[in-house]
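Just below is one structure, and these are the notes that go with it.
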Amino acid sequence: MPGPTEPKKATRQRDAERTRTAILDAAQTLFSTRGFVNTGVREVAELAGVNSALVGRYFGSKEGLFRATMERVIDISPMLRGDRRRFGVDMVAALIDNEDASGPLAMMILSAADPAAHAVSVEFLQTKVIAPLARWLGPPDDKGRAARLNILWTGFLTSWKLLPIQPLGEAHLATTRRWLEAATQAIVDEGSA
């Protein structure tokens with residue numbers, strides 16, 4: 001007759017993708033509110049609810065984590081799949097109607113003091129926003145127009161969310177929205193003449 005069976009030990013099943021996502025969510029929150037220098041790996045792990053060793057395991061280093069977070073949040077490609085004639089309206093909707101639209105910009109600005117994080121920010125801005133946007137815009141002056149659009153959008157987001165100025169408050173947001181839509185579309189349409 002067999003002996004009593006041993007109770008099974010409760011084992012916590014690991015879910016690598018869920019853990020990775022939790023770490024990236026936490027990193028995005030902290031990098032966009034504190035910047036690179038003022039965010040520690042332990043703080044990211046604590047907010048994610050994981051052991052800090054897992055951050056190193058998944059991302060190698062704090063810079064690797066910053067790079068993976070930027071990879072996740074900066075990509076204009078989905079916006080370039082829409083109707084070119086509605087780009088101004090659609091892009092401004094993405095900026096204004098998205099609660100976290102200023103998050104990637106805040107991450108870049110707040111992390112500019114660290115040379116490595118600054119280099120990653122510039123790289124991603126160039127490869128994930130400016131270059132694809134310039135290709136989509138096409139001649140004439142594709143790169144210049146892409147840069148002007150970036151200046152327009154980052155200036156707006158900075159003045160609206162990061163360093164808010166009163167005239168961009170809710171009372172004036174509708175008129176500012178129409179202006180931003182028209183200004184964006186005008187730059188896009190420069191290539192259609």
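Ligands are numbered from 1 in the order shown, chains are lettered A, B, ... in the order of the structure tokens, and residues start at 1 in each chain.
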
Inset, instruction - Name the residues in contact with region 22-28 of chain A at a cut-off of 12 Å, using only C-alpha atoms, excluding same-chain residues fewer than 3 positions from it; report them as number ranges by chain. - result: A: 15-19, 31-36, 38-59, 62-74, 100, 102-108, 111

Inset, instruction - Check region 23-162 of chain A with DSSP on the backbone and list each residue it calls helix (DSSP H, G or I), as a VMD selection string. - result: chain A and resid 23 to 34 41 to 48 52 to 59 62 to 73 77 to 81 84 to 97 103 to 110 115 to 137 142 to 162

Please report as CSV every residue of region 80-99 of chain A lying within 6 Å of region 167-187 of chain A, along with the nearest atom pair and their distance in Å (one decimal), using only C-alpha atoms.
residue,atom,partner,partner_atom,distance
A:Gly88,CA,A:Glu181,CA,4.4
A:Val89,CA,A:Glu181,CA,5.2
A:Val92,CA,A:Glu181,CA,5.9

Inset, instruction - Could you please determine the separation between CA of Pro78 (chain A) and CA of Gly138 (chain A) in Å, to one decimal place? - result: 17.2 Å

Inset, instruction - Fewer than 5 positions away in the same chain doesn't count, so skip those; otherwise give me all residues within 9 Å of Leu125 (chain A), counting only C-alpha atoms, as a count of residues only. - result: 5

Inset, instruction - For each of A:Ser121, A:Ser159, A:Ser192, A:Asn98, take the minimum atom-to-atom distance to Asp142 (chain A), counting only C-alpha atoms, then give the residue where this is smallest. - result: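 Answer, going by the shortest atom-to-atom distance: A:Ser192.
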
Inset, instruction - Using CA of Leu95 (chain A) and CA of Val122 (chain A) as the two end points, give the distance in Å to one decimal. - result: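 Answer for the CA of Leu95 (chain A) to CA of Val122 (chain A) separation: 20.0 Å.
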
Can you pull out the residues contacting Pro140 (chain A)? Cut-off 12 Å, using only C-alpha atoms, and skip same-chain residues under 4 positions away; I want them as a PDB file with N, CA, C and O atoms, in the first residue's frame.
ATOM      1  N   ALA A 134       9.900  61.858 -42.918  1.00  0.00           N
ATOM      2  CA  ALA A 134      10.487  62.455 -44.115  1.00  0.00           C
ATOM      3  C   ALA A 134      10.240  61.572 -45.343  1.00  0.00           C
ATOM      4  O   ALA A 134       9.886  62.076 -46.413  1.00  0.00           O
ATOM      5  N   ARG A 135      10.413  60.256 -45.196  1.00  0.00           N
ATOM      6  CA  ARG A 135      10.147  59.336 -46.320  1.00  0.00           C
ATOM      7  C   ARG A 135       8.690  59.441 -46.761  1.00  0.00           C
ATOM      8  O   ARG A 135       8.380  59.457 -47.949  1.00  0.00           O
ATOM      9  N   TRP A 136       7.794  59.497 -45.787  1.00  0.00           N
ATOM     10  CA  TRP A 136       6.365  59.575 -46.083  1.00  0.00           C
ATOM     11  C   TRP A 136       6.021  60.903 -46.753  1.00  0.00           C
ATOM     12  O   TRP A 136       5.233  60.940 -47.696  1.00  0.00           O
ATOM     13  N   GLY A 144      13.454  68.667 -44.046  1.00  0.00           N
ATOM     14  CA  GLY A 144      13.136  69.960 -43.446  1.00  0.00           C
ATOM     15  C   GLY A 144      11.690  70.028 -42.982  1.00  0.00           C
ATOM     16  O   GLY A 144      11.397  70.536 -41.891  1.00  0.00           O
ATOM     17  N   ARG A 145      10.785  69.498 -43.780  1.00  0.00           N
ATOM     18  CA  ARG A 145       9.364  69.486 -43.393  1.00  0.00           C
ATOM     19  C   ARG A 145       9.140  68.571 -42.197  1.00  0.00           C
ATOM     20  O   ARG A 145       8.374  68.911 -41.276  1.00  0.00           O
ATOM     21  N   ALA A 146       9.813  67.424 -42.169  1.00  0.00           N
ATOM     22  CA  ALA A 146       9.690  66.522 -41.016  1.00  0.00           C
ATOM     23  C   ALA A 146      10.208  67.209 -39.756  1.00  0.00           C
ATOM     24  O   ALA A 146       9.597  67.109 -38.685  1.00  0.00           O
ATOM     25  N   ILE A 187       2.048  71.975 -43.695  1.00  0.00           N
ATOM     26  CA  ILE A 187       3.407  71.463 -43.910  1.00  0.00           C
ATOM     27  C   ILE A 187       3.375  70.175 -44.721  1.00  0.00           C
ATOM     28  O   ILE A 187       4.183  69.972 -45.630  1.00  0.00           O
ATOM     29  N   VAL A 188       2.415  69.317 -44.441  1.00  0.00           N
ATOM     30  CA  VAL A 188       2.263  68.081 -45.225  1.00  0.00           C
ATOM     31  C   VAL A 188       1.968  68.412 -46.677  1.00  0.00           C
ATOM     32  O   VAL A 188       2.563  67.842 -47.594  1.00  0.00           O
ATOM     33  N   ASP A 189       1.081  69.370 -46.903  1.00  0.00           N
ATOM     34  CA  ASP A 189       0.639  69.698 -48.254  1.00  0.00           C
ATOM     35  C   ASP A 189       1.665  70.481 -49.070  1.00  0.00           C
ATOM     36  O   ASP A 189       1.485  70.618 -50.286  1.00  0.00           O
ATOM     37  N   GLU A 190       2.734  70.963 -48.457  1.00  0.00           N
ATOM     38  CA  GLU A 190       3.766  71.662 -49.218  1.00  0.00           C
ATOM     39  C   GLU A 190       4.303  70.784 -50.342  1.00  0.00           C
ATOM     40  O   GLU A 190       4.757  71.291 -51.358  1.00  0.00           O
ATOM     41  N   GLY A 191       4.263  69.501 -50.156  1.00  0.00           N
ATOM     42  CA  GLY A 191       4.770  68.591 -51.180  1.00  0.00           C
ATOM     43  C   GLY A 191       3.763  68.266 -52.269  1.00  0.00           C
ATOM     44  O   GLY A 191       4.082  67.581 -53.235  1.00  0.00           O
ATOM     45  N   SER A 192       2.533  68.745 -52.139  1.00  0.00           N
ATOM     46  CA  SER A 192       1.480  68.412 -53.101  1.00  0.00           C
ATOM     47  C   SER A 192       1.310  69.466 -54.183  1.00  0.00           C
ATOM     48  O   SER A 192       0.463  69.315 -55.053  1.00  0.00           O
ATOM     49  N   ALA A 193       2.055  70.533 -54.113  1.00  0.00           N
ATOM     50  CA  ALA A 193       1.854  71.645 -55.060  1.00  0.00           C
ATOM     51  C   ALA A 193       2.230  71.287 -56.468  1.00  0.00           C
ATOM     52  O   ALA A 193       2.933  70.436 -56.818  1.00  0.00           O
TER      53      ALA A 193
END

Inset, instruction - To one decimal in Å, tell me the separation between CA of Leu149 (chain A) and CA of Leu133 (chain A). - result: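 Distance between the two atoms: 9.1 Å.
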